[in-house]
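J.: My questions all concern the structure below.
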Amino acid sequence: MRAIVVTDQAAGTAGMTLVERPEPPAAINDVVVEVHASGFVPTEMAWPSTWTDRVDRDRTPSIPGHEVAGVVTALGYGTTGLSVGQRVFGLTDWHRDGTLAEYVAVEARNLAPLPGDVDFTVGASLPISGLTAWQGLFEHGRLQAGQSVLAHGAAGAVGTMVTQLAREAGAYVIGTGRAADRQKVLDFGAQEFVDLDNDVLEDVGRVDLVFDVIGGDIQNRSAGLVRAGGTLVTVVGPPEARPADGLAIDFVVESDRTQLCEVVQRVRDRRLRTNIGNVATLDDAVAALNPTERRRGKTIISVRP
């Protein structure tokens with residue numbers, strides 16, 4: 001099969017190459033998925049799991065990409081809940097070869113059925129951004145109707161999901177970003193926009209929940225905006241500053257079939273819009289994943305156009 005591999009951590013995405021690799025077998029509880037579309041997160045190049053296995057052994061050349069939409073072609077011994085020929089989507093294991101390939105082996109529990117009226121490209125755009133937003137808002141942030149959310153990076157793949165899911169849950173959403181992001185952030189449902197380069201962040205006042213995808217100084221300043229009993233939720237590592245009278249939670253997104261079904265149903269109902277930017281073929285994937293301009297939405301690789 002054809003696959004994108006990486007071998008040099010220092011080279012990052014610039015070190016990606018398209019090569020021939022053996023098709024993966026289906027281990028116990030696995031399925032093999034014929035990949036139709038794959039999602040990729042640029043920060044994967046900094047994740048230890050891209051380069052080493054769970055006992056810290058080098059596993060390069062490794063195949064990145066952990067979001068998949070495709071069709072089940074084989075079942076491993078003991079695998080239940082899915083069938084050959086079924087359309088699926090989901091989030092693959094961080095420490096195993098990923099989805100920038102024509103086939104991927106995935107634990108069945110990490111996949112959910114992909115309805116026939118949802119395009120593979122859309123399906124591949126949902127797992128990381130949709131699950132991250134869902135888990136950050138509802139599991140870790142315990143968001144309730146009537147509360148306020150400060151959503152950083154609100155024009156990004158995760159941020160647009162955070163905004164839409166929070167609005168649907170009855171929250172008031174303040175989105176942040178660069179000046180050029182203003183209209184997009186408002187179009188995705190934020191009630192206010194803060195230009196982090198030119199506006200004063202502290203002018204937003206106190207909020208119940210901060211959803212941080214930026215870190216650094218913005219994260220530290222945001223901790224002071226969390227009102228008593230509120231939560232700072234982040235996906236960029238343990239926060240340095242913590243709310244004076246609230247919680248600070250950093251988390252790593254996990255696959256969850258029930259939540260994947262919740263997210264995709266909202267897409268079907270048009271309650272949730274995806275934020276897809278560039279769609280490229282596997283032949284053009286290396287160039288697409290090394291853009292010369294700022295990304296405008298999530299890049300999806302269409303493996304079987």
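In the structure tokens, chains take the letters A, B, ... in the order shown, each chain's residues start at 1, and ligands count up from 1 in the order shown.
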Excluding range 131-134 of chain A and its own-chain neighbours fewer than 5 positions away, which residues fall within 6 Å of it when counting only C-alpha atoms? Please give them as a list in words.
T.: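 After dropping sequence-adjacent residues, the list is Met161, Val162 and Val253 of chain A.
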J.: From the options A:Arg270, A:Arg87, A:Arg109, A:Arg294, which residue's atoms come nearest to Gly123 in chain A, counting only C-alpha atoms?
T.: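 Nearest candidate to Gly123 in chain A out of A:Arg270, A:Arg87, A:Arg109, A:Arg294: A:Arg87.
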J.: Check the smallest atom-to-atom distance from each of A:Leu100, A:Ala228, A:Ala280, A:Ala155 to Thr299 in chain A using only C-alpha atoms, then report the winner.
T.: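 Of all the options, A:Ala280 lies closest to Thr299 in chain A.
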J.: Any chance you could list, as a ChimeraX atom specification, the residues in range 20-167 of chain A that come up strand (DSSP E or B) when DSSP is run on the backbone?
T.: /A:20,30-39,52,58,62,67-75,87-91,101,103-107,111-113,148-151
J.: Please write the residues from the selection above to a file, keeping C-alpha atoms, as a PDB file, in the first residue's frame.
T.:
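Printed below is selection.pdb as written:
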ATOM      1  CA  GLU A  20       5.221   1.706  -0.313  1.00  0.00           C
ATOM      2  CA  ASP A  30      -8.809  -4.965  15.389  1.00  0.00           C
ATOM      3  CA  VAL A  31     -10.379  -4.131  12.081  1.00  0.00           C
ATOM      4  CA  VAL A  32      -8.561  -3.151   8.928  1.00  0.00           C
ATOM      5  CA  VAL A  33     -10.027  -0.045   7.343  1.00  0.00           C
ATOM      6  CA  GLU A  34      -9.662   0.867   3.685  1.00  0.00           C
ATOM      7  CA  VAL A  35      -8.938   4.560   4.160  1.00  0.00           C
ATOM      8  CA  HIS A  36     -11.025   6.942   2.074  1.00  0.00           C
ATOM      9  CA  ALA A  37     -10.095  10.140   3.929  1.00  0.00           C
ATOM     10  CA  SER A  38      -7.584  11.006   6.629  1.00  0.00           C
ATOM     11  CA  GLY A  39      -7.211  13.905   9.042  1.00  0.00           C
ATOM     12  CA  THR A  52       8.390   5.761  19.992  1.00  0.00           C
ATOM     13  CA  ASP A  58      11.965   3.783  18.298  1.00  0.00           C
ATOM     14  CA  SER A  62       5.992   5.689  11.348  1.00  0.00           C
ATOM     15  CA  GLU A  67      -8.398  10.514  12.054  1.00  0.00           C
ATOM     16  CA  VAL A  68      -9.966   8.142   9.587  1.00  0.00           C
ATOM     17  CA  ALA A  69     -13.073   7.622   7.515  1.00  0.00           C
ATOM     18  CA  GLY A  70     -13.348   4.537   5.379  1.00  0.00           C
ATOM     19  CA  VAL A  71     -14.684   1.021   4.931  1.00  0.00           C
ATOM     20  CA  VAL A  72     -13.949  -2.077   7.025  1.00  0.00           C
ATOM     21  CA  THR A  73     -12.180  -4.733   4.924  1.00  0.00           C
ATOM     22  CA  ALA A  74     -11.097  -7.301   7.543  1.00  0.00           C
ATOM     23  CA  LEU A  75     -11.844  -8.310  11.132  1.00  0.00           C
ATOM     24  CA  ARG A  87     -18.580   2.602   6.620  1.00  0.00           C
ATOM     25  CA  VAL A  88     -16.777   3.840   9.742  1.00  0.00           C
ATOM     26  CA  PHE A  89     -14.914   6.826  11.157  1.00  0.00           C
ATOM     27  CA  GLY A  90     -12.917   7.452  14.273  1.00  0.00           C
ATOM     28  CA  LEU A  91      -9.705   8.117  16.127  1.00  0.00           C
ATOM     29  CA  ALA A 101      -2.149   5.443   4.127  1.00  0.00           C
ATOM     30  CA  TYR A 103      -5.144   0.924   4.879  1.00  0.00           C
ATOM     31  CA  VAL A 104      -4.951   1.183   8.669  1.00  0.00           C
ATOM     32  CA  ALA A 105      -5.435  -1.344  11.486  1.00  0.00           C
ATOM     33  CA  VAL A 106      -7.587   0.054  14.286  1.00  0.00           C
ATOM     34  CA  GLU A 107      -9.105  -1.303  17.480  1.00  0.00           C
ATOM     35  CA  LEU A 111     -14.513   3.493  15.523  1.00  0.00           C
ATOM     36  CA  ALA A 112     -18.152   4.432  15.038  1.00  0.00           C
ATOM     37  CA  PRO A 113     -20.513   3.819  12.115  1.00  0.00           C
ATOM     38  CA  SER A 148     -20.092  31.853  29.533  1.00  0.00           C
ATOM     39  CA  VAL A 149     -17.236  30.350  27.530  1.00  0.00           C
ATOM     40  CA  LEU A 150     -14.018  32.021  26.377  1.00  0.00           C
ATOM     41  CA  ALA A 151     -12.931  29.974  23.348  1.00  0.00           C
TER      42      ALA A 151
END
J.: Would you list the contacts of range 172-181 of chain A as a list in words, taking every protein, DNA or RNA residue within 8 Å and counting only C-alpha atoms, but skipping same-chain residues closer than 2 positions in sequence?
T.: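 Neighbouring residues, sequence-local ones excluded: Gly146, Gln147, Ser148, Val149, Leu150, Ala151, His152, Gly153, Ala154, Ala155, Thr163, Ala166, Arg167, Gly170, Gln183, Lys184, Val185, Leu186, Gly189, Ala190, Gln191, Glu192, Phe193, Val194, Asp195, Leu196, Asp197 and Asn198 of chain A.
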J.: Pull N, CA, C and O atoms from the residues just selected and write them as a compact mmCIF listing (two decimals), in the first residue's frame.
T.:
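What follows is the written file part_8.txt:
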# COMPACT_ATOMS: atom_id res chain seq x y z
N GLY A 146 -26.55 28.75 30.14
CA GLY A 146 -26.48 30.04 30.82
C GLY A 146 -25.08 30.45 31.23
O GLY A 146 -24.88 31.60 31.66
N GLN A 147 -24.11 29.55 31.10
CA GLN A 147 -22.74 29.92 31.45
C GLN A 147 -22.04 30.59 30.28
O GLN A 147 -22.54 30.60 29.15
N SER A 148 -20.87 31.16 30.57
CA SER A 148 -20.09 31.85 29.53
C SER A 148 -18.81 31.09 29.26
O SER A 148 -18.19 30.52 30.16
N VAL A 149 -18.42 31.07 27.97
CA VAL A 149 -17.24 30.35 27.53
C VAL A 149 -16.33 31.31 26.77
O VAL A 149 -16.78 32.01 25.85
N LEU A 150 -15.04 31.31 27.14
CA LEU A 150 -14.02 32.02 26.38
C LEU A 150 -13.28 30.97 25.56
O LEU A 150 -12.57 30.12 26.11
N ALA A 151 -13.48 31.00 24.24
CA ALA A 151 -12.93 29.97 23.35
C ALA A 151 -11.75 30.56 22.58
O ALA A 151 -11.92 31.37 21.68
N HIS A 152 -10.55 30.14 22.95
CA HIS A 152 -9.36 30.61 22.24
C HIS A 152 -9.19 29.86 20.92
O HIS A 152 -9.61 28.71 20.78
N GLY A 153 -8.57 30.53 19.96
CA GLY A 153 -8.38 29.90 18.65
C GLY A 153 -9.70 29.53 18.01
O GLY A 153 -9.84 28.46 17.42
N ALA A 154 -10.67 30.42 18.12
CA ALA A 154 -12.05 30.08 17.74
C ALA A 154 -12.27 29.93 16.24
O ALA A 154 -13.36 29.52 15.83
N ALA A 155 -11.28 30.26 15.42
CA ALA A 155 -11.41 30.06 13.98
C ALA A 155 -10.83 28.72 13.54
O ALA A 155 -10.95 28.34 12.38
N THR A 163 -17.20 26.42 19.81
CA THR A 163 -18.19 27.48 19.72
C THR A 163 -19.58 26.93 19.44
O THR A 163 -20.56 27.27 20.11
N ALA A 166 -20.95 24.68 22.35
CA ALA A 166 -21.27 25.50 23.52
C ALA A 166 -22.54 26.31 23.29
O ALA A 166 -23.40 26.41 24.18
N ARG A 167 -22.69 26.89 22.10
CA ARG A 167 -23.91 27.64 21.80
C ARG A 167 -25.13 26.74 21.86
O ARG A 167 -26.18 27.10 22.41
N GLY A 170 -26.49 26.19 25.17
CA GLY A 170 -27.06 27.34 25.84
C GLY A 170 -26.07 28.27 26.50
O GLY A 170 -26.42 29.07 27.36
N GLN A 183 -14.72 37.61 11.28
CA GLN A 183 -15.99 37.24 10.65
C GLN A 183 -16.24 35.75 10.72
O GLN A 183 -17.37 35.30 10.95
N LYS A 184 -15.17 34.96 10.53
CA LYS A 184 -15.33 33.50 10.59
C LYS A 184 -15.78 33.06 11.97
O LYS A 184 -16.68 32.22 12.11
N VAL A 185 -15.18 33.63 13.01
CA VAL A 185 -15.54 33.27 14.38
C VAL A 185 -17.00 33.62 14.66
O VAL A 185 -17.76 32.83 15.24
N LEU A 186 -17.43 34.78 14.21
CA LEU A 186 -18.83 35.18 14.41
C LEU A 186 -19.77 34.32 13.57
O LEU A 186 -20.86 33.95 14.02
N GLY A 189 -20.80 31.25 15.21
CA GLY A 189 -21.73 31.35 16.32
C GLY A 189 -21.27 32.09 17.57
O GLY A 189 -22.04 32.22 18.51
N ALA A 190 -20.02 32.57 17.59
CA ALA A 190 -19.59 33.33 18.76
C ALA A 190 -20.38 34.63 18.85
O ALA A 190 -20.65 35.28 17.83
N GLN A 191 -20.73 35.05 20.07
CA GLN A 191 -21.47 36.30 20.25
C GLN A 191 -20.55 37.51 20.35
O GLN A 191 -20.98 38.64 20.11
N GLU A 192 -19.29 37.26 20.71
CA GLU A 192 -18.29 38.33 20.76
C GLU A 192 -16.99 37.80 20.19
O GLU A 192 -16.74 36.59 20.18
N PHE A 193 -16.14 38.74 19.75
CA PHE A 193 -14.82 38.38 19.23
C PHE A 193 -13.76 39.25 19.89
O PHE A 193 -13.95 40.46 20.04
N VAL A 194 -12.66 38.62 20.28
CA VAL A 194 -11.52 39.35 20.84
C VAL A 194 -10.31 39.15 19.92
O VAL A 194 -9.89 38.01 19.68
N ASP A 195 -9.79 40.23 19.39
CA ASP A 195 -8.58 40.22 18.57
C ASP A 195 -7.39 40.20 19.54
O ASP A 195 -7.09 41.19 20.21
N LEU A 196 -6.71 39.07 19.62
CA LEU A 196 -5.65 38.91 20.61
C LEU A 196 -4.44 39.80 20.35
O LEU A 196 -3.63 40.02 21.24
N ASP A 197 -4.32 40.32 19.12
CA ASP A 197 -3.19 41.20 18.82
C ASP A 197 -3.49 42.66 19.17
O ASP A 197 -2.57 43.42 19.48
N ASN A 198 -4.77 43.04 19.16
CA ASN A 198 -5.09 44.46 19.30
C ASN A 198 -6.07 44.80 20.42
O ASN A 198 -6.11 45.93 20.88
J.: Looking at A:Arg221, A:Arg59, A:Arg266, A:Arg242, which one is nearest to Glu168 in chain A, with distances taken over only C-alpha atoms?
T.: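 Looking at the shortest contact to Glu168 in chain A, the residue is A:Arg266.
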J.: Which one is closest to Asp187 in chain A: A:Asn275, A:Thr231, A:Asn290, A:Asn110? Count only C-alpha atoms.
T.: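 For Asp187 in chain A, the nearest of the candidates is A:Asn275.
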J.: I need the residues in range 23-63 of chain A that are alpha helix (DSSP H) according to DSSP; give them as a PyMOL selection string.
T.: chain A and resi 48-51
J.: Limited to all heavy atoms, could you put the picked residues into a file as a CSV table (one decimal), in the first residue's frame?
T.:
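Output file selection11.csv follows:
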chain,number,residue,atom,x,y,z
A,48,PRO,N,5.6,12.5,21.4
A,48,PRO,CA,6.5,11.3,21.6
A,48,PRO,C,5.9,10.1,20.9
A,48,PRO,O,6.7,9.3,20.4
A,48,PRO,CB,6.6,11.2,23.1
A,48,PRO,CG,6.3,12.5,23.7
A,48,PRO,CD,5.3,13.1,22.8
A,49,SER,N,4.6,9.9,21.0
A,49,SER,CA,4.0,8.7,20.4
A,49,SER,C,4.2,8.5,18.9
A,49,SER,O,4.0,7.4,18.3
A,49,SER,CB,2.5,8.6,20.8
A,49,SER,OG,1.8,9.8,20.3
A,50,THR,N,4.5,9.6,18.2
A,50,THR,CA,4.8,9.6,16.8
A,50,THR,C,6.1,8.8,16.5
A,50,THR,O,6.3,8.2,15.5
A,50,THR,CB,4.8,11.0,16.2
A,50,THR,OG1,3.5,11.6,16.4
A,50,THR,CG2,5.1,11.0,14.7
A,51,TRP,N,7.0,8.9,17.5
A,51,TRP,CA,8.4,8.4,17.3
A,51,TRP,C,8.7,7.2,18.0
A,51,TRP,O,9.6,6.4,17.6
A,51,TRP,CB,9.3,9.6,17.6
A,51,TRP,CG,8.9,10.8,16.9
A,51,TRP,CD1,8.3,11.9,17.5
A,51,TRP,CD2,9.1,11.1,15.6
A,51,TRP,NE1,8.0,12.8,16.5
A,51,TRP,CE2,8.5,12.4,15.3
A,51,TRP,CE3,9.7,10.5,14.5
A,51,TRP,CZ2,8.5,13.0,14.1
A,51,TRP,CZ3,9.7,11.1,13.2
A,51,TRP,CH2,9.1,12.3,13.1
